[in-house]
file input_14.txt (compact mmCIF, N, CA and C atoms)
# COMPACT_ATOMS: atom_id res chain seq x y z
N MET M 1 144.87 85.66 95.15
CA MET M 1 143.58 86.03 95.72
C MET M 1 143.10 87.33 95.06
N PRO M 2 141.85 87.37 94.63
CA PRO M 2 141.33 88.57 93.98
C PRO M 2 141.36 89.78 94.92
N VAL M 3 141.50 90.95 94.32
CA VAL M 3 141.49 92.20 95.09
C VAL M 3 140.11 92.38 95.71
N GLN M 4 140.08 92.70 97.00
CA GLN M 4 138.82 92.89 97.73
C GLN M 4 138.60 94.33 98.17
N ASP M 5 139.68 95.07 98.39
CA ASP M 5 139.61 96.42 98.92
C ASP M 5 138.90 97.35 97.92
N PRO M 6 137.83 98.05 98.35
CA PRO M 6 137.09 98.91 97.42
C PRO M 6 137.95 100.00 96.77
N ALA M 7 138.89 100.58 97.50
CA ALA M 7 139.75 101.61 96.92
C ALA M 7 140.63 101.03 95.81
N LYS M 8 141.16 99.84 96.04
CA LYS M 8 141.99 99.19 95.02
C LYS M 8 141.14 98.79 93.82
N LEU M 9 139.93 98.32 94.06
CA LEU M 9 139.04 97.97 92.95
C LEU M 9 138.71 99.20 92.12
N TRP M 10 138.47 100.33 92.78
CA TRP M 10 138.21 101.57 92.07
C TRP M 10 139.41 101.95 91.22
N SER M 11 140.61 101.83 91.79
CA SER M 11 141.83 102.15 91.05
C SER M 11 141.98 101.25 89.82
N LEU M 12 141.70 99.97 89.98
CA LEU M 12 141.77 99.05 88.83
C LEU M 12 140.77 99.46 87.76
N ALA M 13 139.57 99.81 88.16
CA ALA M 13 138.54 100.19 87.20
C ALA M 13 138.89 101.50 86.49
N ALA M 14 139.37 102.48 87.25
CA ALA M 14 139.68 103.79 86.67
C ALA M 14 140.82 103.71 85.65
N SER M 15 141.75 102.81 85.86
CA SER M 15 142.89 102.70 84.95
C SER M 15 142.72 101.60 83.91
N ALA M 16 141.55 100.98 83.84
CA ALA M 16 141.34 99.82 82.97
C ALA M 16 141.55 100.14 81.49
N ILE M 17 141.13 101.30 81.04
CA ILE M 17 141.29 101.63 79.61
C ILE M 17 142.77 101.70 79.25
N LEU M 18 143.58 102.33 80.11
CA LEU M 18 145.02 102.38 79.83
C LEU M 18 145.65 101.01 79.92
N CYS M 19 145.20 100.18 80.87
CA CYS M 19 145.72 98.81 80.97
C CYS M 19 145.40 98.04 79.69
N GLU M 20 144.19 98.19 79.20
CA GLU M 20 143.80 97.50 77.97
C GLU M 20 144.63 98.00 76.79
N GLN M 21 144.78 99.30 76.69
CA GLN M 21 145.57 99.91 75.60
C GLN M 21 147.01 99.40 75.62
N ASN M 22 147.56 99.21 76.81
CA ASN M 22 148.95 98.76 76.95
C ASN M 22 149.07 97.25 77.09
N GLN M 23 147.96 96.53 76.90
CA GLN M 23 147.92 95.07 76.99
C GLN M 23 148.46 94.58 78.35
N GLN M 24 147.98 95.23 79.41
CA GLN M 24 148.39 94.88 80.76
C GLN M 24 147.29 94.11 81.46
N ARG M 25 147.61 93.65 82.64
CA ARG M 25 146.65 92.90 83.46
C ARG M 25 145.65 93.85 84.10
N HIS M 26 144.43 93.36 84.27
CA HIS M 26 143.38 94.15 84.91
C HIS M 26 143.22 93.81 86.39
N ASP M 27 143.97 92.83 86.86
CA ASP M 27 143.82 92.38 88.25
C ASP M 27 145.01 92.75 89.12
N GLU M 28 145.90 93.59 88.62
CA GLU M 28 147.07 94.02 89.38
C GLU M 28 147.18 95.54 89.33
N ILE M 29 147.49 96.15 90.46
CA ILE M 29 147.71 97.59 90.51
C ILE M 29 148.84 97.94 89.55
N GLY M 30 148.61 98.93 88.71
CA GLY M 30 149.60 99.33 87.72
C GLY M 30 149.67 98.40 86.53
N GLY M 31 148.81 97.39 86.48
CA GLY M 31 148.76 96.49 85.33
C GLY M 31 149.78 95.38 85.32
N TRP M 32 150.58 95.27 86.36
CA TRP M 32 151.66 94.29 86.41
C TRP M 32 151.70 93.60 87.76
N ALA M 33 152.16 92.36 87.78
CA ALA M 33 152.56 91.72 89.02
C ALA M 33 153.91 92.33 89.39
N PRO M 34 154.18 92.52 90.67
CA PRO M 34 155.47 93.12 91.06
C PRO M 34 156.66 92.31 90.52
N GLY M 35 157.71 93.04 90.12
CA GLY M 35 158.92 92.39 89.62
C GLY M 35 159.76 93.34 88.80
N ASP M 36 160.89 92.85 88.34
CA ASP M 36 161.84 93.68 87.57
C ASP M 36 161.25 94.17 86.26
N GLN M 37 160.50 93.31 85.56
CA GLN M 37 159.91 93.72 84.29
C GLN M 37 158.90 94.85 84.51
N ALA M 38 158.10 94.74 85.57
CA ALA M 38 157.13 95.78 85.88
C ALA M 38 157.84 97.10 86.17
N ARG M 39 158.86 97.04 87.00
CA ARG M 39 159.59 98.27 87.35
C ARG M 39 160.20 98.92 86.12
N SER M 40 160.80 98.13 85.26
CA SER M 40 161.43 98.66 84.06
C SER M 40 160.40 99.33 83.13
N TRP M 41 159.28 98.64 82.87
CA TRP M 41 158.27 99.18 81.99
C TRP M 41 157.65 100.45 82.59
N CYS M 42 157.29 100.38 83.87
CA CYS M 42 156.65 101.52 84.52
C CYS M 42 157.58 102.72 84.60
N ASP M 43 158.85 102.48 84.89
CA ASP M 43 159.83 103.56 84.92
C ASP M 43 159.91 104.24 83.56
N GLY M 44 159.92 103.44 82.50
CA GLY M 44 160.00 104.00 81.15
C GLY M 44 158.79 104.83 80.78
N VAL M 45 157.59 104.32 81.05
CA VAL M 45 156.38 105.07 80.68
C VAL M 45 156.23 106.33 81.52
N LEU M 46 156.57 106.26 82.80
CA LEU M 46 156.49 107.46 83.64
C LEU M 46 157.47 108.52 83.16
N SER M 47 158.66 108.11 82.78
CA SER M 47 159.66 109.05 82.30
C SER M 47 159.28 109.61 80.93
N ASP M 48 158.98 108.73 79.99
CA ASP M 48 158.72 109.15 78.61
C ASP M 48 157.41 109.91 78.44
N SER M 49 156.37 109.48 79.11
CA SER M 49 155.05 110.07 78.89
C SER M 49 154.68 111.16 79.89
N TYR M 50 155.30 111.13 81.06
CA TYR M 50 154.89 112.07 82.11
C TYR M 50 156.05 112.89 82.69
N GLY M 51 157.27 112.66 82.23
CA GLY M 51 158.42 113.42 82.72
C GLY M 51 158.80 113.11 84.15
N ILE M 52 158.40 111.95 84.65
CA ILE M 52 158.67 111.59 86.04
C ILE M 52 160.01 110.87 86.12
N GLU M 53 160.92 111.45 86.91
CA GLU M 53 162.27 110.92 87.06
C GLU M 53 162.63 110.61 88.51
N ASP M 54 161.86 111.15 89.45
CA ASP M 54 162.19 110.99 90.87
C ASP M 54 160.95 111.23 91.73
N ASP M 55 161.11 111.14 93.04
CA ASP M 55 159.98 111.33 93.95
C ASP M 55 159.30 112.68 93.76
N LYS M 56 160.09 113.73 93.57
CA LYS M 56 159.51 115.07 93.44
C LYS M 56 158.67 115.19 92.18
N THR M 57 159.20 114.75 91.04
CA THR M 57 158.43 114.88 89.81
C THR M 57 157.21 113.95 89.82
N PHE M 58 157.31 112.81 90.52
CA PHE M 58 156.15 111.94 90.69
C PHE M 58 155.07 112.67 91.48
N GLN M 59 155.44 113.24 92.62
CA GLN M 59 154.45 113.93 93.45
C GLN M 59 153.88 115.15 92.73
N ASP M 60 154.72 115.86 91.98
CA ASP M 60 154.23 117.01 91.21
C ASP M 60 153.17 116.57 90.20
N MET M 61 153.39 115.46 89.52
CA MET M 61 152.43 114.98 88.53
C MET M 61 151.14 114.52 89.22
N VAL M 62 151.25 113.81 90.33
CA VAL M 62 150.06 113.39 91.07
C VAL M 62 149.26 114.62 91.50
N ASP M 63 149.94 115.63 92.02
CA ASP M 63 149.26 116.85 92.43
C ASP M 63 148.59 117.53 91.25
N TRP M 64 149.29 117.60 90.11
CA TRP M 64 148.73 118.25 88.92
C TRP M 64 147.49 117.50 88.43
N LEU M 65 147.56 116.18 88.35
CA LEU M 65 146.40 115.41 87.91
C LEU M 65 145.24 115.53 88.90
N THR M 66 145.55 115.66 90.19
CA THR M 66 144.52 115.77 91.22
C THR M 66 143.86 117.15 91.21
N ARG M 67 144.65 118.19 91.03
CA ARG M 67 144.14 119.55 91.20
C ARG M 67 143.78 120.25 89.88
N THR M 68 144.54 119.98 88.83
CA THR M 68 144.39 120.73 87.59
C THR M 68 144.08 119.79 86.43
N GLY M 69 145.03 118.94 86.13
CA GLY M 69 144.86 117.92 85.11
C GLY M 69 144.61 118.46 83.71
N HIS M 70 144.18 117.56 82.86
CA HIS M 70 143.91 117.90 81.46
C HIS M 70 142.64 118.73 81.33
N SER M 71 141.84 118.78 82.40
CA SER M 71 140.63 119.59 82.39
C SER M 71 140.95 121.06 82.13
N ALA M 72 142.01 121.55 82.71
CA ALA M 72 142.39 122.95 82.53
C ALA M 72 142.73 123.24 81.08
N GLU M 73 143.44 122.32 80.43
CA GLU M 73 143.78 122.51 79.02
C GLU M 73 142.51 122.52 78.16
N ALA M 74 141.58 121.61 78.45
CA ALA M 74 140.33 121.56 77.69
C ALA M 74 139.54 122.85 77.86
N LYS M 75 139.47 123.35 79.08
CA LYS M 75 138.74 124.60 79.32
C LYS M 75 139.43 125.78 78.64
N SER M 76 140.75 125.74 78.60
CA SER M 76 141.50 126.78 77.88
C SER M 76 141.22 126.71 76.38
N GLN M 77 141.11 125.50 75.85
CA GLN M 77 140.77 125.33 74.43
C GLN M 77 139.40 125.95 74.14
N ILE M 78 138.44 125.75 75.06
CA ILE M 78 137.11 126.33 74.88
C ILE M 78 137.20 127.85 74.80
N ALA M 79 137.98 128.42 75.70
CA ALA M 79 138.12 129.88 75.74
C ALA M 79 138.71 130.43 74.45
N GLY M 80 139.50 129.62 73.75
CA GLY M 80 140.15 130.08 72.53
C GLY M 80 139.44 129.70 71.24
N LEU M 81 138.23 129.14 71.35
CA LEU M 81 137.51 128.75 70.14
C LEU M 81 137.10 129.97 69.32
N GLY M 82 137.32 129.87 68.04
CA GLY M 82 136.86 130.92 67.14
C GLY M 82 135.44 130.65 66.70
N PRO M 83 134.89 131.55 65.88
CA PRO M 83 133.49 131.40 65.47
C PRO M 83 133.27 130.32 64.41
N ASN M 84 134.33 129.92 63.70
CA ASN M 84 134.19 129.00 62.58
C ASN M 84 134.67 127.59 62.95
N PRO M 85 133.76 126.64 63.14
CA PRO M 85 134.17 125.26 63.48
C PRO M 85 135.02 124.60 62.41
N LEU M 86 134.91 125.06 61.17
CA LEU M 86 135.70 124.46 60.08
C LEU M 86 137.19 124.79 60.21
N ALA M 87 137.51 125.80 61.00
CA ALA M 87 138.91 126.19 61.21
C ALA M 87 139.52 125.54 62.45
N ASP M 88 138.74 124.71 63.15
CA ASP M 88 139.22 124.09 64.39
C ASP M 88 140.33 123.08 64.14
N TYR M 89 141.27 123.03 65.09
CA TYR M 89 142.25 121.95 65.17
C TYR M 89 141.54 120.75 65.81
N PRO M 90 142.13 119.54 65.74
CA PRO M 90 141.43 118.36 66.30
C PRO M 90 140.97 118.52 67.76
N LYS M 91 141.83 119.04 68.63
CA LYS M 91 141.42 119.22 70.03
C LYS M 91 140.25 120.20 70.14
N GLN M 92 140.28 121.23 69.32
CA GLN M 92 139.19 122.22 69.36
C GLN M 92 137.88 121.60 68.89
N THR M 93 137.93 120.71 67.92
CA THR M 93 136.73 120.02 67.46
C THR M 93 136.11 119.22 68.59
N ILE M 94 136.96 118.54 69.36
CA ILE M 94 136.47 117.73 70.48
C ILE M 94 135.86 118.61 71.56
N VAL M 95 136.57 119.67 71.95
CA VAL M 95 136.02 120.51 73.03
C VAL M 95 134.78 121.27 72.57
N ARG M 96 134.70 121.60 71.31
CA ARG M 96 133.49 122.26 70.81
C ARG M 96 132.30 121.28 70.92
N ALA M 97 132.52 120.04 70.54
CA ALA M 97 131.45 119.04 70.55
C ALA M 97 130.98 118.73 71.98
N TYR M 98 131.89 118.79 72.94
CA TYR M 98 131.56 118.42 74.32
C TYR M 98 131.65 119.61 75.28
N ARG M 99 131.49 120.78 74.73
CA ARG M 99 131.67 122.02 75.48
C ARG M 99 130.88 122.04 76.80
N ALA M 100 129.60 121.74 76.75
CA ALA M 100 128.76 121.82 77.96
C ALA M 100 129.27 120.88 79.05
N GLN M 101 129.63 119.67 78.68
CA GLN M 101 130.13 118.72 79.67
C GLN M 101 131.47 119.16 80.23
N ILE M 102 132.34 119.66 79.38
CA ILE M 102 133.67 120.10 79.83
C ILE M 102 133.55 121.31 80.74
N GLU M 103 132.67 122.24 80.39
CA GLU M 103 132.48 123.41 81.25
C GLU M 103 131.92 123.01 82.61
N ARG M 104 131.08 121.98 82.63
CA ARG M 104 130.45 121.56 83.87
C ARG M 104 131.40 120.73 84.75
N GLN M 105 132.10 119.76 84.17
CA GLN M 105 132.90 118.85 84.99
C GLN M 105 134.31 118.61 84.49
N GLY M 106 134.72 119.33 83.49
CA GLY M 106 136.06 119.14 82.96
C GLY M 106 136.21 117.76 82.33
N LEU M 107 137.38 117.23 82.40
CA LEU M 107 137.68 115.89 81.89
C LEU M 107 137.92 114.96 83.08
N LEU M 108 136.98 114.95 83.98
CA LEU M 108 137.14 114.25 85.25
C LEU M 108 137.51 112.78 85.06
N ALA M 109 136.78 112.05 84.23
CA ALA M 109 137.07 110.63 84.03
C ALA M 109 138.45 110.43 83.42
N TRP M 110 138.81 111.27 82.47
CA TRP M 110 140.12 111.19 81.83
C TRP M 110 141.22 111.42 82.88
N ASP M 111 141.08 112.48 83.65
CA ASP M 111 142.09 112.79 84.66
C ASP M 111 142.16 111.73 85.76
N CYS M 112 141.02 111.20 86.18
CA CYS M 112 141.01 110.14 87.21
C CYS M 112 141.66 108.86 86.69
N GLY M 113 141.39 108.52 85.45
CA GLY M 113 142.03 107.34 84.86
C GLY M 113 143.54 107.49 84.78
N ARG M 114 143.99 108.67 84.37
CA ARG M 114 145.43 108.93 84.31
C ARG M 114 146.04 108.90 85.71
N LEU M 115 145.36 109.51 86.66
CA LEU M 115 145.86 109.53 88.03
C LEU M 115 146.01 108.11 88.57
N ALA M 116 144.99 107.28 88.40
CA ALA M 116 145.05 105.90 88.90
C ALA M 116 146.19 105.13 88.23
N ALA M 117 146.38 105.33 86.93
CA ALA M 117 147.45 104.64 86.22
C ALA M 117 148.82 105.12 86.70
N VAL M 118 149.01 106.42 86.80
CA VAL M 118 150.30 106.97 87.23
C VAL M 118 150.64 106.50 88.65
N VAL M 119 149.66 106.52 89.55
CA VAL M 119 149.91 106.06 90.91
C VAL M 119 150.24 104.56 90.92
N GLY M 120 149.53 103.78 90.10
CA GLY M 120 149.83 102.35 90.01
C GLY M 120 151.23 102.09 89.48
N TRP M 121 151.60 102.79 88.43
CA TRP M 121 152.95 102.64 87.88
C TRP M 121 153.99 103.12 88.88
N GLY M 122 153.66 104.20 89.60
CA GLY M 122 154.58 104.70 90.62
C GLY M 122 154.82 103.70 91.73
N TYR M 123 153.81 102.91 92.04
CA TYR M 123 153.96 101.85 93.04
C TYR M 123 155.08 100.88 92.62
N HIS M 124 155.10 100.50 91.36
CA HIS M 124 156.12 99.56 90.88
C HIS M 124 157.52 100.17 90.86
N CYS M 125 157.58 101.51 90.85
CA CYS M 125 158.87 102.19 90.84
C CYS M 125 159.31 102.63 92.24
N GLY M 126 158.50 102.33 93.24
CA GLY M 126 158.85 102.66 94.61
C GLY M 126 158.52 104.08 95.02
N TYR M 127 157.68 104.78 94.25
CA TYR M 127 157.32 106.16 94.59
C TYR M 127 156.22 106.23 95.64
N ASN M 128 155.44 105.16 95.79
CA ASN M 128 154.35 105.15 96.76
C ASN M 128 154.05 103.71 97.17
N ASP M 129 153.29 103.58 98.25
CA ASP M 129 152.88 102.25 98.71
C ASP M 129 151.58 101.86 98.03
N GLU M 130 151.34 100.56 97.99
CA GLU M 130 150.09 100.09 97.40
C GLU M 130 148.92 100.57 98.22

call {"tool": "encode", "arguments": {"input": "input_14.txt", "output": "C-alpha cells"}}
result
Amino acid sequence: MPVQDPAKLWSLAASAILCEQNQQRHDEIGGWAPGDQARSWCDGVLSDSYGIEDDKTFQDMVDWLTRTGHSAEAKSQIAGLGPNPLADYPKQTIVRAYRAQIERQGLLAWDCGRLAAVVGWGYHCGYNDE
C-alpha cells in the first residue's frame, strides 16, 4: 500500500536525491524494505559516512543535523573567503557563488535531506521508530 502519511511522504521526498544516488527505492523509508539486507547496508553507511555506531552517536548526529548541520560549515567558509576568487578551494567557490542564499538560509535543503536519510537509515538499524 502506498505511503499516505504526510510526514512520511515529506521524508521520502527530502531524501529522494540520496536514494537515487544510492540506487534505492523511493517508496520505502530509508530506501529499503525492512530486512537483513537493509539493516546491513544502513548500518554500514551510517558508520562509514556519519560515524554512527550506537544510539548515542545516532542521536548526536540527528541533533547536529537539526540544529547546526552543514550550514555552519558553509557560513564558516564564507567568513574565511579571501579577496581573490581565483585562489578559492572548491568549497569556497561554491559558497562564494551562493553567498547571499547561504547567509540567508544556510544549506537548509541539504541538511534536511541528510537528516531525512539518516533517520530513515536509523530506522532500519533500530535507532528509531518509523

call {"tool": "atom_distance", "arguments": {"input": "input_14.txt", "atom1": "CA of Leu9 in chain M", "atom2": "atom N of Arg114 in chain M"}}
result
14.6 Å

call {"tool": "residues_near_point", "arguments": {"input": "input_14.txt", "point": "(155.2, 103.3, 86.9)", "cutoff": "7 Å", "atoms": "only N, CA and C atoms", "output": "list of chain:residue names"}}
result
M:Gly30, M:Ala38, M:Arg39, M:Trp41, M:Cys42, M:Asp43, M:Gly44, M:Val45, M:Leu46, M:Ala117, M:Val118, M:Val119, M:Gly120, M:Trp121, M:Gly122, M:Tyr123, M:His124, M:Cys125

call {"tool": "closest_residue", "arguments": {"input": "input_14.txt", "among": "M:Glu130, M:Gln37, M:Gly80, M:Gln59", "to": "Lys8 in chain M", "atoms": "only N, CA and C atoms"}}
result
M:Glu130

call {"tool": "residues_around", "arguments": {"input": "input_14.txt", "residues": "Gly69 in chain M", "least_positions_apart": "3", "cutoff": "10 Å", "atoms": "only C-alpha atoms", "output": "list in words"}}
result
Met61, Val62, Asp63, Trp64, Leu65, Thr66, Ala72, Glu73, Ala74, Gly106, Leu107, Leu108, Trp110, Asp111, Cys112, Arg114 and Leu115 of chain M

call {"tool": "atom_distance", "arguments": {"input": "input_14.txt", "atom1": "atom N of Lys91 in chain M", "atom2": "atom N of Gly31 in chain M"}}
result
28.9 Å

call {"tool": "atom_distance", "arguments": {"input": "input_14.txt", "atom1": "CA of Ser71 in chain M", "atom2": "atom N of Ala116 in chain M"}}
result
14.4 Å

call {"tool": "select_by_dssp", "arguments": {"input": "input_14.txt", "residues": "chain M", "states": "helix (DSSP H, G or I)", "output": "PyMOL selection string"}}
result
chain M and resi 6-14+16-21+29-31+36-50+55-67+69-79+85-87+90-97+99-105+108-124

call {"tool": "closest_residue", "arguments": {"input": "input_14.txt", "among": "M:Gln4, M:Ser49, M:Gln23, M:Gln77", "to": "Arg99 in chain M", "atoms": "only C-alpha atoms"}}
result
M:Gln77

call {"tool": "axis_aligned_box", "arguments": {"input": "input_14.txt", "around": "range 86-93 of chain M", "padding_each_side": "3 Å", "output": "AutoDock Vina command-line options"}}
result
--center_x 138.6 --center_y 122.3 --center_z 65.1 --size_x 13.3 --size_y 13.8 --size_z 16.1

call {"tool": "residues_around", "arguments": {"input": "input_14.txt", "residues": "Ile94 in chain M", "least_positions_apart": "3", "cutoff": "12 Å", "atoms": "only C-alpha atoms", "output": "list in words"}}
result
Ala74, Lys75, Gln77, Ile78, Leu81, Pro85, Asp88, Tyr89, Pro90, Lys91, Ala97, Tyr98, Arg99, Ala100, Gln101, Ile102 and Leu107 of chain M

call {"tool": "build_atoms", "arguments": {"input": "input_14.txt", "residues": "range 36-47 of chain M", "atoms": "all heavy atoms", "output": "mmCIF file, in the frame of the given file"}}
result
data_model
loop_
_atom_site.group_PDB
_atom_site.id
_atom_site.type_symbol
_atom_site.label_atom_id
_atom_site.label_comp_id
_atom_site.auth_asym_id
_atom_site.auth_seq_id
_atom_site.Cartn_x
_atom_site.Cartn_y
_atom_site.Cartn_z
ATOM 1 N N ASP M 36 160.890 92.850 88.340
ATOM 2 C CA ASP M 36 161.840 93.680 87.570
ATOM 3 C C ASP M 36 161.250 94.170 86.260
ATOM 4 O O ASP M 36 161.474 95.313 85.859
ATOM 5 C CB ASP M 36 163.133 92.909 87.312
ATOM 6 C CG ASP M 36 163.935 92.653 88.582
ATOM 7 O OD1 ASP M 36 163.726 93.385 89.575
ATOM 8 O OD2 ASP M 36 164.772 91.726 88.581
ATOM 9 N N GLN M 37 160.500 93.310 85.560
ATOM 10 C CA GLN M 37 159.910 93.720 84.290
ATOM 11 C C GLN M 37 158.900 94.850 84.510
ATOM 12 O O GLN M 37 158.854 95.808 83.735
ATOM 13 C CB GLN M 37 159.242 92.533 83.605
ATOM 14 C CG GLN M 37 158.686 92.873 82.238
ATOM 15 C CD GLN M 37 158.045 91.673 81.549
ATOM 16 O OE1 GLN M 37 157.878 90.623 82.142
ATOM 17 N NE2 GLN M 37 157.690 91.851 80.295
ATOM 18 N N ALA M 38 158.100 94.740 85.570
ATOM 19 C CA ALA M 38 157.130 95.780 85.880
ATOM 20 C C ALA M 38 157.840 97.100 86.170
ATOM 21 O O ALA M 38 157.459 98.143 85.640
ATOM 22 C CB ALA M 38 156.287 95.371 87.092
ATOM 23 N N ARG M 39 158.860 97.040 87.000
ATOM 24 C CA ARG M 39 159.590 98.270 87.350
ATOM 25 C C ARG M 39 160.200 98.920 86.120
ATOM 26 O O ARG M 39 160.092 100.131 85.920
ATOM 27 C CB ARG M 39 160.656 97.992 88.390
ATOM 28 C CG ARG M 39 161.371 99.266 88.820
ATOM 29 C CD ARG M 39 162.439 99.005 89.884
ATOM 30 N NE ARG M 39 163.082 100.248 90.234
ATOM 31 C CZ ARG M 39 162.742 101.014 91.256
ATOM 32 N NH1 ARG M 39 161.754 100.664 92.048
ATOM 33 N NH2 ARG M 39 163.384 102.140 91.496
ATOM 34 N N SER M 40 160.800 98.130 85.260
ATOM 35 C CA SER M 40 161.430 98.660 84.060
ATOM 36 C C SER M 40 160.400 99.330 83.130
ATOM 37 O O SER M 40 160.596 100.454 82.662
ATOM 38 C CB SER M 40 162.157 97.540 83.314
ATOM 39 O OG SER M 40 162.706 98.023 82.114
ATOM 40 N N TRP M 41 159.280 98.640 82.870
ATOM 41 C CA TRP M 41 158.270 99.180 81.990
ATOM 42 C C TRP M 41 157.650 100.450 82.590
ATOM 43 O O TRP M 41 157.507 101.471 81.907
ATOM 44 C CB TRP M 41 157.172 98.157 81.714
ATOM 45 C CG TRP M 41 156.214 98.624 80.663
ATOM 46 C CD1 TRP M 41 156.289 98.416 79.325
ATOM 47 C CD2 TRP M 41 155.032 99.423 80.872
ATOM 48 N NE1 TRP M 41 155.231 99.020 78.683
ATOM 49 C CE2 TRP M 41 154.443 99.640 79.614
ATOM 50 C CE3 TRP M 41 154.417 99.949 81.997
ATOM 51 C CZ2 TRP M 41 153.276 100.381 79.440
ATOM 52 C CZ3 TRP M 41 153.249 100.696 81.840
ATOM 53 C CH2 TRP M 41 152.687 100.896 80.572
ATOM 54 N N CYS M 42 157.290 100.380 83.870
ATOM 55 C CA CYS M 42 156.650 101.520 84.520
ATOM 56 C C CYS M 42 157.580 102.720 84.600
ATOM 57 O O CYS M 42 157.158 103.860 84.373
ATOM 58 C CB CYS M 42 156.159 101.128 85.918
ATOM 59 S SG CYS M 42 154.807 99.922 85.893
ATOM 60 N N ASP M 43 158.850 102.480 84.890
ATOM 61 C CA ASP M 43 159.830 103.560 84.920
ATOM 62 C C ASP M 43 159.910 104.240 83.560
ATOM 63 O O ASP M 43 159.940 105.463 83.457
ATOM 64 C CB ASP M 43 161.194 103.017 85.350
ATOM 65 C CG ASP M 43 162.205 104.117 85.570
ATOM 66 O OD1 ASP M 43 161.933 105.045 86.362
ATOM 67 O OD2 ASP M 43 163.287 104.048 84.944
ATOM 68 N N GLY M 44 159.920 103.440 82.500
ATOM 69 C CA GLY M 44 160.000 104.000 81.150
ATOM 70 C C GLY M 44 158.790 104.830 80.780
ATOM 71 O O GLY M 44 158.926 105.931 80.245
ATOM 72 N N VAL M 45 157.590 104.320 81.050
ATOM 73 C CA VAL M 45 156.380 105.070 80.680
ATOM 74 C C VAL M 45 156.230 106.330 81.520
ATOM 75 O O VAL M 45 155.814 107.373 81.013
ATOM 76 C CB VAL M 45 155.115 104.193 80.710
ATOM 77 C CG1 VAL M 45 154.617 103.954 82.117
ATOM 78 C CG2 VAL M 45 154.017 104.791 79.850
ATOM 79 N N LEU M 46 156.570 106.260 82.800
ATOM 80 C CA LEU M 46 156.490 107.460 83.640
ATOM 81 C C LEU M 46 157.470 108.520 83.160
ATOM 82 O O LEU M 46 157.127 109.709 83.123
ATOM 83 C CB LEU M 46 156.741 107.104 85.106
ATOM 84 C CG LEU M 46 155.623 106.343 85.807
ATOM 85 C CD1 LEU M 46 156.062 105.927 87.204
ATOM 86 C CD2 LEU M 46 154.339 107.149 85.861
ATOM 87 N N SER M 47 158.660 108.110 82.780
ATOM 88 C CA SER M 47 159.660 109.050 82.300
ATOM 89 C C SER M 47 159.280 109.610 80.930
ATOM 90 O O SER M 47 159.246 110.826 80.729
ATOM 91 C CB SER M 47 161.020 108.361 82.233
ATOM 92 O OG SER M 47 161.984 109.214 81.676
#
